[in-house]
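**Student:** Here's a structure for you.
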Amino acid sequence: MSGDELAILVGGPAGSGVFATGTIAAKALVYHGYSVFATNEYPSLIRGGHQWFLVAARWEGSAMAHRRRLDAILALDERTVELHAGRLKEGGFVVCDERVAARSRAGNVVALPLSELVEELGAPPVAVNVAGLAALFGVLGGNLEALLAAIRSYYRGREKTAEVNARVAEAGYREGAKLSGRASLKLRYAPRGKRLLLDGNSAVALGLLAGGLSFFAAYPITPASPILHFLAEVQREAGVAVVQAECELAAVNMAIGAAFAGARAAVATSGPGFSLMAESLGEAAMTETPLVIVDVQRAGPSTGLPTHTAQGDLRFAIHASHGEFPRVVLAPGDPVEAYELACEALNIAWRYQVPVILLSDKFLGESYWTVDRLPDVGPEEGPVVRGRAPPGYARYRITESGVSPMALPGTEGARVYANTNEHDELGFLTTDPDVVKAMQGKRWRKLAALKEEAEKRGVKEYGEGRVALLVWGSTKCVAMEALRELDGVKLVQVVWLEPFPAEAVRRAVGERRLLVAENNARGQLASLVREHLLREPDAVLLRYDGRPLDPEELAEFVKANAG
Amino acid sequence: MSGDELAILVGGPAGSGVFATGTIAAKALVYHGYSVFATNEYPSLIRGGHQWFLVAARWEGSAMAHRRRLDAILALDERTVELHAGRLKEGGFVVCDERVAARSRAGNVVALPLSELVEELGAPPVAVNVAGLAALFGVLGGNLEALLAAIRSYYRGREKTAEVNARVAEAGYREGAKLSGRASLKLRYAPRGKRLLLDGNSAVALGLLAGGLSFFAAYPITPASPILHFLAEVQREAGVAVVQAECELAAVNMAIGAAFAGARAAVATSGPGFSLMAESLGEAAMTETPLVIVDVQRAGPSTGLPTHTAQGDLRFAIHASHGEFPRVVLAPGDPVEAYELACEALNIAWRYQVPVILLSDKFLGESYWTVDRLPDVGPEEGPVVRGRAPPGYARYRITESGVSPMALPGTEGARVYANTNEHDELGFLTTDPDVVKAMQGKRWRKLAALKEEAEKRGVKEYGEGRVALLVWGSTKCVAMEALRELDGVKLVQVVWLEPFPAEAVRRAVGERRLLVAENNARGQLASLVREHLLREPDAVLLRYDGRPLDPEELAEFVKANAG
Amino acid sequence: MARAFDTGVRPQWCPGCGNYGVLAAVRGALAELGLRREEVVAVAGIGCHGRVTEYLDVNAFHAIHGRAVPVAEGVKLANPKLTVLVHTGDGDAYAIGLSHLLHAARRNVGIKVIVHNNMVYALTTGQAGPTTPRGLRTRSTPYGSVEEPFNPLLLLLASGATFVARGFSDDVQHLKELVKRAILHKGFAVIDVLQPCVTFYDTRGWIRERAYKLEDAGHDPRDFRAALERSLEAERVPLGVLYEVEKPAFEELALSPEHPPPALRDLKARLPLDKLLARFE
Amino acid sequence: MARAFDTGVRPQWCPGCGNYGVLAAVRGALAELGLRREEVVAVAGIGCHGRVTEYLDVNAFHAIHGRAVPVAEGVKLANPKLTVLVHTGDGDAYAIGLSHLLHAARRNVGIKVIVHNNMVYALTTGQAGPTTPRGLRTRSTPYGSVEEPFNPLLLLLASGATFVARGFSDDVQHLKELVKRAILHKGFAVIDVLQPCVTFYDTRGWIRERAYKLEDAGHDPRDFRAALERSLEAERVPLGVLYEVEKPAFEELALSPEHPPPALRDLKARLPLDKLLARFE
Ligand SMILES: Cc1ncc(C[n+]2csc(CCOP(=O)(O)OP(=O)(O)O)c2C)c(N)n1
Ligand SMILES: Cc1ncc(C[n+]2csc(CCOP(=O)(O)OP(=O)(O)O)c2C)c(N)n1
Ligand code: SF4
Ligand code: SF4
Ligand SMILES: [Mg+2]
Ligand SMILES: [Mg+2]
């Protein structure tokens, strides 16, 4: 426990800088040389309401998820002490301003004159958060330079703010360092070179850019908006057109129009917006327009818990829109996969001319992980015709693979006619039963190739054991964390959810006991197992209160059901 | 073959009165004493394009579906002869105007001077259709009075048109009667009292009215518009408010608002409109507002074949909308069930305060069946609070059944607060994990009771045999017709699709070979069987070219796979 | 009046937010009109504005984003006796819900729409919206918005709305009077309320400098062309009723007078089934 | 010109339908502007009007009902070199798609919207729509419509559209000139075309009696208030350009000039990943 592993929580009311402080703490720990995981919870309110940010760090191996028990708390109000002090480990402590301490009754409180200190330095009152964080680092014997670097990195472009906060941090650190005896652990320090602290939303945005994204349309929605914000910010450097549409129906239809014209297009939304896109999903499919939809799931149904997490849209993503057509549903489990699969999503969309849905969630999208390096992936153009079309070009040419070369409007010699009505090879409307069957057949043939890809790359396996734990999406991270406490468990992650890699899952699970864990109420992956493997899972762990599964409860579940 | 069974087809270009003529033929045959089935096919065009109307009649038992082979054709153009003459039985014949005959090359054509006759009577040229129909009845030795009654019934409210057509019919009949030797069958005549000739759409509308419908909102869409038209027509007699909204999003939200206020509300649409309603489905569910959505399926994906049939929305109906909530999906198989289930849908919606989706389709909605009597069903109010609320009233009171008494706005002492955000018992927004779980639990408890109802009433069984043929929706009628040619087959119809009556299906199928037939490409009922029964069907017959299954192909499929 | 129509839940808007003024004005209007909470329904959209239903003690429906207007239309048509308010935002009403708003205006359904127009998407942490002025830097427009904003008053006048007004959340008394007039108006009424968002786009000073009262300026709200003119003013901000005309409300025309309104129908009343079935015989 | 831009598919509209005139005018306009079919994209909605894409020989996207406008916006933003036409109907554009239309107008995206306004839902066999006059009996309004129709010209003017015109399908030559002007206009242009539906609502005579040309009436299309006045005329039907103003098109403002437009980007161009990642270090 000598600083090999730690968990810190920053808490306070919305508007008190919980997010900034937490992010700085996370960065600072990365600069120390730790592998860091960070996550947060906030209400759907601009002011008021409790908010927290948790940073978990590990010296060896990777920090993959949150833990229930805490080593230290930075409390920006009494509520934080009230709500979280009970989670402190033996020897854990709360850092807070004297005024907060005066109103709290918790033991093990390190009360410091933080607001006084901030006032003396002429810094704005909100800087108490950084003062407190620095004090906390002081108590833990952290490296001040690393902390200052984190502050400067966080406030990049706002040099004045950065300097004020740096000064506050120096003072706070000194205060804390006086009390370093209070801590039962000491931070380690041995920087490991450039590493990223990456959230799932940014990873998705970067992955789309890596996949050649040139057009992005969105309507703001929590927790997907950060993708819009990031892309809007980098639009000039990255050369991507970013449009905020009047609603999700407009956003997705703009993307479809842009893709039809030849742009690599994507949209990002959350459940309510994805619901609104259901009709247009079929439009993309019927016109065979490549399209990527990112759904950063949040807790539903309906408006639900807009700032909380869930994996509740899986079946909906697989079946959304009336009628039937091939589609791909991918679910990354961590930021590296988010980056890789976002890029891959665009490539698949263009290789097969199908809609691809990337299922992320609030937990993945708005949590942070230390990433050493992003995989080397890039765009593949797919069967696109530019310049001049071959004689007799037909947009929906019936081919063996089901994929027809896609000319872009502007191609000499081609009339590109996309049609949401059932159509013939040239795009003209038809109701002829034979043509209808041929076109359905053409579209469905893509699914065969997609299924092969899914079977090949759609399932990941970690570890070995008598028991198989099956997960999808961000629950993977929780499971990886839980696995540290478990023996004899093989983790199986389904990355391609549609087409479902039934054979690969069957192979990976084999004769093992099959446990499933998901962040939803009905067991949607479990239902896919039933449908495709004709097998009843031996036990299913579901959580649907807007919070991700805890590694601890997952470990307990596995132990209790290992058979 | 002496007139016990016959099939007539009327064909011609859109705008030539194919629909009117066909309906009159069907009515006339009902008046003769036949059980009649009638269906039609038309393009999504106001003028031009081929259109046909088929009438199948049976003297003993019920005519349930179309047949491939025809006894007679009324051809209003050459195209009709070209397309359909090949389907004539031995001894079958085509009736047409001399001019049409002159341009056709088919054998067995009864060419009559129909347009001359119409001209002589000073009737409008379009009356050729009725002249031809009457001639056909003449050739078949039908009853002229019955035919005239059918004409008068069809043109009710337009007495002038009725009389002109009656005169034309008399003349046409005389012409045809001269050639009665040509026919190898003779129509029977023995009226059986008042019977209805009912289409599925009207049956749904009537069923909703029987269920107490007081508010209906819709946006026009083929093939669901007839429900709107019928309800608009009878709005005053039936006392139902009918609103044509600016789009489906508006329609469904108006219905939700109306239901919240206390109206028995429903909407009707087809696939594209249902897709647009996905988000609002969750809104109804989260606010626990009773809502009935009728989806008259058409062939997709996307715009697809707007005037053709399919059963392609089943999985979508079950999983539509982000997040998770209990819902009910019902699928009637014939007009009597359509009537019964539409009424029941409203009752279930109000008994459980859940959204209910009624899946019809173009084939059921726009085909006609002889109905002797509609079942005696009516509205149940459900747990509604009017007048004065009990002290401490809470809209979302946590109850054992999951259903909370629903006060209507205006109730003394009640603040009725419906919230799409997750909420507490009073409707106030919450993010407290315990309250969230309690509310999810409350909602899901309804599913247990619904599941029981589904198991009790969700499966229908017909006949007995070693082989089970599993169907849903309108395929039931095709299967009933096919069953006449089959021995040892038990027909099992799933009427409740969600919650899925797995035990009832398992019991009904037993150890039999399990065959599934559906009007879609992926085998959606088959996938439900896999998911819920963990059983692979022994064979699946799918049709997805916009046409209903033919009884003949279904019979062949069953024979080939009886094992 | 202070404690009237108060659910007891403490509002959680930012200190200084214009929503406080809107809430106070509506509470005051309901109280002064002598309405009981039971006969009022507030339908809200999603946004900071939508929180009104947590605080305003009347029947309420917190709808999904953009659909408060059709929900309210349904409520009003089902039971025209209810006073139906809509609380919506510039994003909720003028972006995702625009079509519904204009169609409700055209139909003249007797709902009273209060648009909390803060010219920004607030609850989603500050993005540009349809009334955001050109050039504003927001999280979705880091280089400044390049879109021309709507003129919502002009658009509403053009839609056929029979009552169009503008209020300012700073002037609670004046806004209260507007809300009262809107409620007393027969048919559709809309008030575009300038409701500064102090956190993401603080327009308080700008508006205070330019605002004036139409009542003081001799404006005749029966004059449609004068209303158009007022809506086109660029330098000054007119507050008050721009336009009011009396026309039959949709619910008067669309509901059959022989039957009780949909929500109040007696389920035991017999359906004339035989008559309805005659056409199928 | 007769055979220009002809796919060879025979139109299947009712004899006498106004859509024939619209098709002829558009073909003529494209031909006279010397455009090649490869550089034009027509995006159509669902309705009788939507059939245009079967007959007009340019690149085409037959979209879903109500979404032709955003599809067209996407096309234009992806490749501003293309001439992008939208064929839409009164139901498609003014009912289900209204919000998109007005937002595209506000943004001034350089698409050219031709509304086939037959004041009825034709393809779905004749229901009332947002421009159907009060009192008309249709299949959805057997007792006569009780809704006030929109004034689409006024609404479009109010939305900020930079080019608003009205055409009549009977006068192909005149309509052709309007289409040419719309195409040559920079930014968003919309033509509300009176396109009688001879089957469900034959307005030919009514319009012919009242139509007059704005060019002949000395109307100045640069005068916004004059345009408002013309749009408000009740007794006469003005044809021609009501309003035109030059403003930067959205695609000029929104697309970064250092990069090729989205559809023409070279996928091999390297992404400055290191620079983008710096902020995460
Ligand atoms: C379908 C859908 N899309 C997006 C959102 C996310 N969302 C919530 S509030 C909001 C905008 C709010 O803006 P406005 O209506 O102006 O309200 P304000 O917060 O400014 O009062 C958005 C986009 C949502 N809830 N639902
Ligand atoms: C989402 C959706 N709703 C409804 C329809 C059915 N629909 C097809 S065309 C149409 C209306 C057409 O009216 P309009 O746009 O005026 O076109 P017109 O036929 O008059 O040219 C409707 C409602 C549809 N295709 N999609
Ligand atoms: S963010 Fe703006 S609109 Fe929302 S509560 Fe704060 S000040 Fe009010
Ligand atoms: S129905 Fe009307 S709009 Fe459609 S083709 Fe016929 S005349 Fe034209
Ligand atoms: Mg706002
Ligand atoms: Mg129309």
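Within each chain, counting starts at residue 1; across the structure tokens, chains are named A, B, ... in the order shown, with ligands numbered 1 upward in that order.
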Report as a list in words all protein, DNA and RNA residues lying within 7 Å of range 518-534 of chain B, evaluated on only C-alpha atoms, omitting residues in the same chain fewer than 6 positions from it.

**Tutor:**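 Listed by chain and then number, they are Ser527, Arg530, Glu531, Leu534 and Arg535 of chain A; Ala310, Gln311, Gly312, Leu314, Arg315, Val471, Thr475, Ala502, Arg506, Leu541, Leu542, Arg543, Tyr544, Pro548 and Leu549 of chain B.
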
**Student:** Show me which residues line ligand 2, defined as having an atom within 7 Å of a ligand atom where only C-alpha atoms and all ligand atoms count, and present them as a PDB file with C-alpha atoms, in the first residue's frame.

**Tutor:**
```pdb
ATOM      1  CA  TYR B 219     -50.561  11.725 -40.306  1.00  0.00           C
ATOM      2  CA  PRO B 220     -51.592  10.189 -43.641  1.00  0.00           C
ATOM      3  CA  ILE B 221     -49.597   7.194 -44.777  1.00  0.00           C
ATOM      4  CA  THR B 222     -50.319   4.213 -46.969  1.00  0.00           C
ATOM      5  CA  CYS B 247     -46.215  14.774 -38.843  1.00  0.00           C
ATOM      6  CA  GLU B 248     -46.085  11.546 -36.898  1.00  0.00           C
ATOM      7  CA  PRO B 272     -41.867   5.098 -41.630  1.00  0.00           C
ATOM      8  CA  GLY B 273     -44.211   6.866 -39.256  1.00  0.00           C
ATOM      9  CA  LEU B 276     -40.484   8.492 -36.241  1.00  0.00           C
ATOM     10  CA  THR B 303     -39.870   4.045 -48.376  1.00  0.00           C
TER      11      THR B 303
ATOM     12  CA  ILE D  46     -42.101  11.731 -51.029  1.00  0.00           C
ATOM     13  CA  GLY D  47     -45.268  12.656 -52.869  1.00  0.00           C
ATOM     14  CA  CYS D  48     -46.406  12.947 -56.460  1.00  0.00           C
ATOM     15  CA  HIS D  49     -43.781  15.690 -56.796  1.00  0.00           C
ATOM     16  CA  GLY D  50     -41.074  13.282 -55.737  1.00  0.00           C
ATOM     17  CA  ILE D  64     -37.707  10.006 -47.191  1.00  0.00           C
ATOM     18  CA  HIS D  65     -40.754  12.149 -46.530  1.00  0.00           C
ATOM     19  CA  THR D  88     -40.659  18.939 -52.447  1.00  0.00           C
ATOM     20  CA  GLY D  89     -44.398  19.246 -51.874  1.00  0.00           C
ATOM     21  CA  ASP D  90     -46.617  21.301 -49.610  1.00  0.00           C
ATOM     22  CA  GLY D  91     -46.933  18.344 -47.277  1.00  0.00           C
ATOM     23  CA  ASP D  92     -43.276  17.426 -47.526  1.00  0.00           C
ATOM     24  CA  ALA D  93     -41.968  20.960 -47.077  1.00  0.00           C
ATOM     25  CA  HIS D 116     -44.750  21.730 -55.736  1.00  0.00           C
ATOM     26  CA  ASN D 117     -47.573  23.363 -53.828  1.00  0.00           C
ATOM     27  CA  ASN D 118     -50.814  21.698 -54.869  1.00  0.00           C
ATOM     28  CA  MET D 119     -52.433  22.516 -51.530  1.00  0.00           C
ATOM     29  CA  VAL D 120     -53.240  18.900 -50.881  1.00  0.00           C
ATOM     30  CA  TYR D 121     -51.612  15.564 -50.084  1.00  0.00           C
ATOM     31  CA  ALA D 122     -51.910  13.978 -53.473  1.00  0.00           C
ATOM     32  CA  LEU D 123     -49.933  10.741 -53.492  1.00  0.00           C
ATOM     33  CA  THR D 124     -51.722   9.557 -50.370  1.00  0.00           C
ATOM     34  CA  GLY D 129     -52.416  19.788 -45.824  1.00  0.00           C
TER      35      GLY D 129
END
```

**Student:** Contacts between ligand 4 and chain D, please, where a residue of chain D counts if it comes within 8 Å (with only C-alpha atoms and all ligand atoms); show its shortest atom pair and distance in Å to one decimal, rows by chain and ascending number, as a Markdown table.

**Tutor:**
```
| residue | atom | partner | partner_atom_place_in_ligand_line | distance |
| --- | --- | --- | --- | --- |
| D:Gln12 | CA | ligand 4 | 5 (S) | 7.0 |
| D:Trp13 | CA | ligand 4 | 5 (S) | 3.6 |
| D:Cys14 | CA | ligand 4 | 6 (Fe) | 4.1 |
| D:Pro15 | CA | ligand 4 | 7 (S) | 7.1 |
| D:Gly16 | CA | ligand 4 | 7 (S) | 6.7 |
| D:Cys17 | CA | ligand 4 | 7 (S) | 4.0 |
| D:Gly18 | CA | ligand 4 | 8 (Fe) | 6.1 |
| D:Asn19 | CA | ligand 4 | 8 (Fe) | 6.0 |
| D:Gly47 | CA | ligand 4 | 4 (Fe) | 7.7 |
| D:Cys48 | CA | ligand 4 | 4 (Fe) | 4.7 |
| D:His49 | CA | ligand 4 | 3 (S) | 6.9 |
| D:Asn118 | CA | ligand 4 | 3 (S) | 6.7 |
| D:Ala122 | CA | ligand 4 | 1 (S) | 4.7 |
| D:Leu123 | CA | ligand 4 | 4 (Fe) | 5.6 |
| D:Thr125 | CA | ligand 4 | 1 (S) | 6.9 |
| D:Gly126 | CA | ligand 4 | 1 (S) | 7.6 |
| D:Gln195 | CA | ligand 4 | 3 (S) | 7.6 |
| D:Pro196 | CA | ligand 4 | 7 (S) | 6.9 |
| D:Cys197 | CA | ligand 4 | 2 (Fe) | 3.5 |
| D:Val198 | CA | ligand 4 | 7 (S) | 4.3 |
| D:Thr199 | CA | ligand 4 | 7 (S) | 4.7 |
| D:Phe200 | CA | ligand 4 | 2 (Fe) | 5.8 |
| D:Tyr201 | CA | ligand 4 | 2 (Fe) | 7.4 |
```

**Student:** If you run DSSP on the backbone, which residues of range 12-194 of chain A are strand (DSSP E), as an MDAnalysis selection string?

**Tutor:** chainID A and resid 12:13 35:41 50:58 70:75 88:97 109:112

**Student:** Record the distance separating CA of Leu157 in chain D and atom 14 (P, counted along the ligand's line) of ligand 1, expressed in Å with one decimal.

**Tutor:**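 Answer for the CA of Leu157 in chain D to atom 14 (P, counted along the ligand's line) of ligand 1 separation: 24.4 Å.
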
**Student:** Find the residues around range 288-291 of chain B up to 9 Å (only C-alpha atoms counted), leave out those fewer than 4 positions away in its own chain, and share them as a PyMOL selection string.

**Tutor:** chain B and resi 252+255-257+259-260+264-267+281+283-284+345-346+348-357+396+403+406+418+443

**Student:** Pick out the closest residue to chain A from this set: D:Trp206, D:Phe250, D:Phe163, D:Phe224. Count only C-alpha atoms.

**Tutor:**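 Comparing D:Trp206, D:Phe250, D:Phe163, D:Phe224 against chain A, the winner is D:Phe250.
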
**Student:** Could you tell me which residues of chain B sit within 8 Å of chain D when counting only C-alpha atoms, and give me the result as a count of residues only?

**Tutor:** 19

**Student:** With a cut-off of 8 Å, could you pull out the residues of chain C touching chain D and give me the nearest pair of atoms for each, distance in Å to one decimal, using only C-alpha atoms, ordered by chain and ascending number, as CSV?

**Tutor:**
```
residue,atom,partner,partner_atom,distance
C:Ala95,CA,D:Ser99,CA,7.3
C:Ile96,CA,D:Ser99,CA,7.6
C:Gly97,CA,D:Ser99,CA,7.7
C:Leu98,CA,D:Ser99,CA,5.5
C:Ser99,CA,D:Ser99,CA,5.0
C:His103,CA,D:Ala95,CA,8.0
C:Arg106,CA,D:Glu148,CA,5.8
C:Arg107,CA,D:Glu147,CA,5.2
C:Val146,CA,D:Leu253,CA,6.3
C:Glu147,CA,D:Arg107,CA,5.3
C:Glu148,CA,D:Arg106,CA,5.9
C:Pro149,CA,D:Arg106,CA,6.8
C:Phe150,CA,D:Ser159,CA,6.3
C:Asn151,CA,D:Ser159,CA,7.2
C:Leu154,CA,D:Ala158,CA,5.6
C:Leu155,CA,D:Ala158,CA,5.1
C:Ala158,CA,D:Leu155,CA,5.1
C:Ser159,CA,D:Leu155,CA,6.2
C:Gly160,CA,D:Phe150,CA,7.0
C:Phe250,CA,D:Glu147,CA,7.3
C:Leu253,CA,D:Val146,CA,6.3
C:Ala254,CA,D:Val146,CA,6.8
```

**Student:** Extract, using only C-alpha atoms, all DNA, RNA and protein residues at most 12 Å from Gly563 in chain A, discarding same-chain residues fewer than 4 positions from it, and format them as a PyMOL selection string.

**Tutor:** chain A and resi 466-468+488-489+512-515+538-539+557-559

**Student:** Could you find all residues in range 44-277 of chain C that DSSP calls helix (DSSP H, G or I) from the backbone, and write them as a ChimeraX atom specification?

**Tutor:** /C:48-55,68-78,90-96,98-107,152-159,172-184,204-210,215-217,224-231,250-254,262-264,273-277

**Student:** At a cut-off of 8 Å, using only C-alpha atoms, what residues contact Tyr368 in chain A? Leave out same-chain residues fewer than 3 positions from it and give the result as an mmCIF file with N, CA, C and O atoms, in the first residue's frame.

**Tutor:**
```cif
data_model
loop_
_atom_site.group_PDB
_atom_site.id
_atom_site.type_symbol
_atom_site.label_atom_id
_atom_site.label_comp_id
_atom_site.auth_asym_id
_atom_site.auth_seq_id
_atom_site.Cartn_x
_atom_site.Cartn_y
_atom_site.Cartn_z
ATOM 1 N N VAL A 36 -3.527 5.776 -14.828
ATOM 2 C CA VAL A 36 -4.642 6.445 -14.165
ATOM 3 C C VAL A 36 -5.963 6.124 -14.844
ATOM 4 O O VAL A 36 -6.037 6.024 -16.060
ATOM 5 N N PHE A 37 -6.977 5.945 -14.037
ATOM 6 C CA PHE A 37 -8.354 5.915 -14.516
ATOM 7 C C PHE A 37 -9.105 7.006 -13.774
ATOM 8 O O PHE A 37 -8.893 7.194 -12.573
ATOM 9 N N ALA A 38 -9.960 7.739 -14.466
ATOM 10 C CA ALA A 38 -10.730 8.780 -13.796
ATOM 11 C C ALA A 38 -12.145 8.793 -14.340
ATOM 12 O O ALA A 38 -12.378 8.557 -15.526
ATOM 13 N N THR A 39 -13.061 9.048 -13.436
ATOM 14 C CA THR A 39 -14.459 9.105 -13.875
ATOM 15 C C THR A 39 -15.196 10.116 -13.005
ATOM 16 O O THR A 39 -14.631 10.618 -12.033
ATOM 17 N N LEU A 197 -3.884 10.963 -21.531
ATOM 18 C CA LEU A 197 -5.004 10.710 -20.638
ATOM 19 C C LEU A 197 -6.241 10.970 -21.495
ATOM 20 O O LEU A 197 -6.559 12.114 -21.806
ATOM 21 N N LEU A 198 -6.897 9.883 -21.880
ATOM 22 C CA LEU A 198 -7.886 9.997 -22.956
ATOM 23 C C LEU A 198 -9.262 9.543 -22.490
ATOM 24 O O LEU A 198 -9.411 8.496 -21.876
ATOM 25 N N ASP A 199 -10.258 10.339 -22.818
ATOM 26 C CA ASP A 199 -11.648 9.960 -22.554
ATOM 27 C C ASP A 199 -12.223 9.268 -23.783
ATOM 28 O O ASP A 199 -11.747 9.473 -24.909
ATOM 29 N N GLY A 200 -13.242 8.489 -23.579
ATOM 30 C CA GLY A 200 -13.833 7.731 -24.688
ATOM 31 C C GLY A 200 -14.404 8.614 -25.775
ATOM 32 O O GLY A 200 -14.310 8.284 -26.961
ATOM 33 N N LEU A 364 -17.936 5.176 -20.614
ATOM 34 C CA LEU A 364 -16.778 5.160 -21.502
ATOM 35 C C LEU A 364 -16.486 6.563 -22.045
ATOM 36 O O LEU A 364 -15.344 7.010 -22.098
#
```

**Student:** Please measure the separation of CA of Thr83 in chain D and CA of Asn419 in chain A, giving the value in Å to one decimal.

**Tutor:**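 Going from CA of Thr83 in chain D over to CA of Asn419 in chain A, I get 18.9 Å.
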
**Student:** Can you work out which one of B:Asp545, B:Asp376, B:Glu145, B:Glu163 has the shortest atom-to-atom distance to chain A, counting only C-alpha atoms?

**Tutor:**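 Result for the nearest residue to chain A: B:Asp545.
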
**Student:** Counting only C-alpha atoms, what is within 10 Å of Asp432 in chain A, bar same-chain residues fewer than 5 positions away, as a JSON list (two decimals) with N, CA, C and O atoms, in the first residue's frame?

**Tutor:**
```json
[["chain", "number", "residue", "atom", "x", "y", "z"],
["A", 422, "GLU", "N", -37.86, 1.00, -53.22],
["A", 422, "GLU", "CA", -37.17, -0.15, -53.79],
["A", 422, "GLU", "C", -36.91, 0.19, -55.25],
["A", 422, "GLU", "O", -37.71, 0.86, -55.91],
["A", 423, "HIS", "N", -35.76, -0.25, -55.77],
["A", 423, "HIS", "CA", -35.31, 0.24, -57.06],
["A", 423, "HIS", "C", -34.58, -0.84, -57.83],
["A", 423, "HIS", "O", -34.24, -1.90, -57.31],
["A", 424, "ASP", "N", -34.34, -0.53, -59.11],
["A", 424, "ASP", "CA", -33.57, -1.46, -59.94],
["A", 424, "ASP", "C", -32.10, -1.05, -59.92],
["A", 424, "ASP", "O", -31.69, -0.19, -59.13],
["A", 437, "LYS", "N", -36.76, -9.00, -55.05],
["A", 437, "LYS", "CA", -36.02, -10.11, -54.43],
["A", 437, "LYS", "C", -34.53, -10.03, -54.74],
["A", 437, "LYS", "O", -33.68, -10.28, -53.88],
["A", 438, "ALA", "N", -34.23, -9.66, -55.97],
["A", 438, "ALA", "CA", -32.82, -9.56, -56.35],
["A", 438, "ALA", "C", -32.11, -8.47, -55.54],
["A", 438, "ALA", "O", -30.97, -8.64, -55.12],
["B", 305, "LEU", "N", -41.66, -0.38, -50.67],
["B", 305, "LEU", "CA", -42.79, -0.59, -51.58],
["B", 305, "LEU", "C", -44.02, -0.12, -50.81],
["B", 305, "LEU", "O", -44.68, -0.92, -50.14],
["B", 545, "ASP", "N", -41.00, -10.10, -50.99],
["B", 545, "ASP", "CA", -41.02, -9.36, -52.25],
["B", 545, "ASP", "C", -42.21, -8.40, -52.27],
["B", 545, "ASP", "O", -42.62, -7.94, -53.33],
["B", 546, "GLY", "N", -42.78, -8.14, -51.11],
["B", 546, "GLY", "CA", -43.90, -7.21, -51.04],
["B", 546, "GLY", "C", -45.25, -7.89, -51.20],
["B", 546, "GLY", "O", -46.28, -7.23, -51.13]]
```

**Student:** So which one's closest to chain B, A:Gly141, A:Pro326, A:Gly212, A:Pro383? Using only C-alpha atoms, please.

**Tutor:**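 Looking only at the distances to chain B, the closest residue turns out to be A:Pro326.
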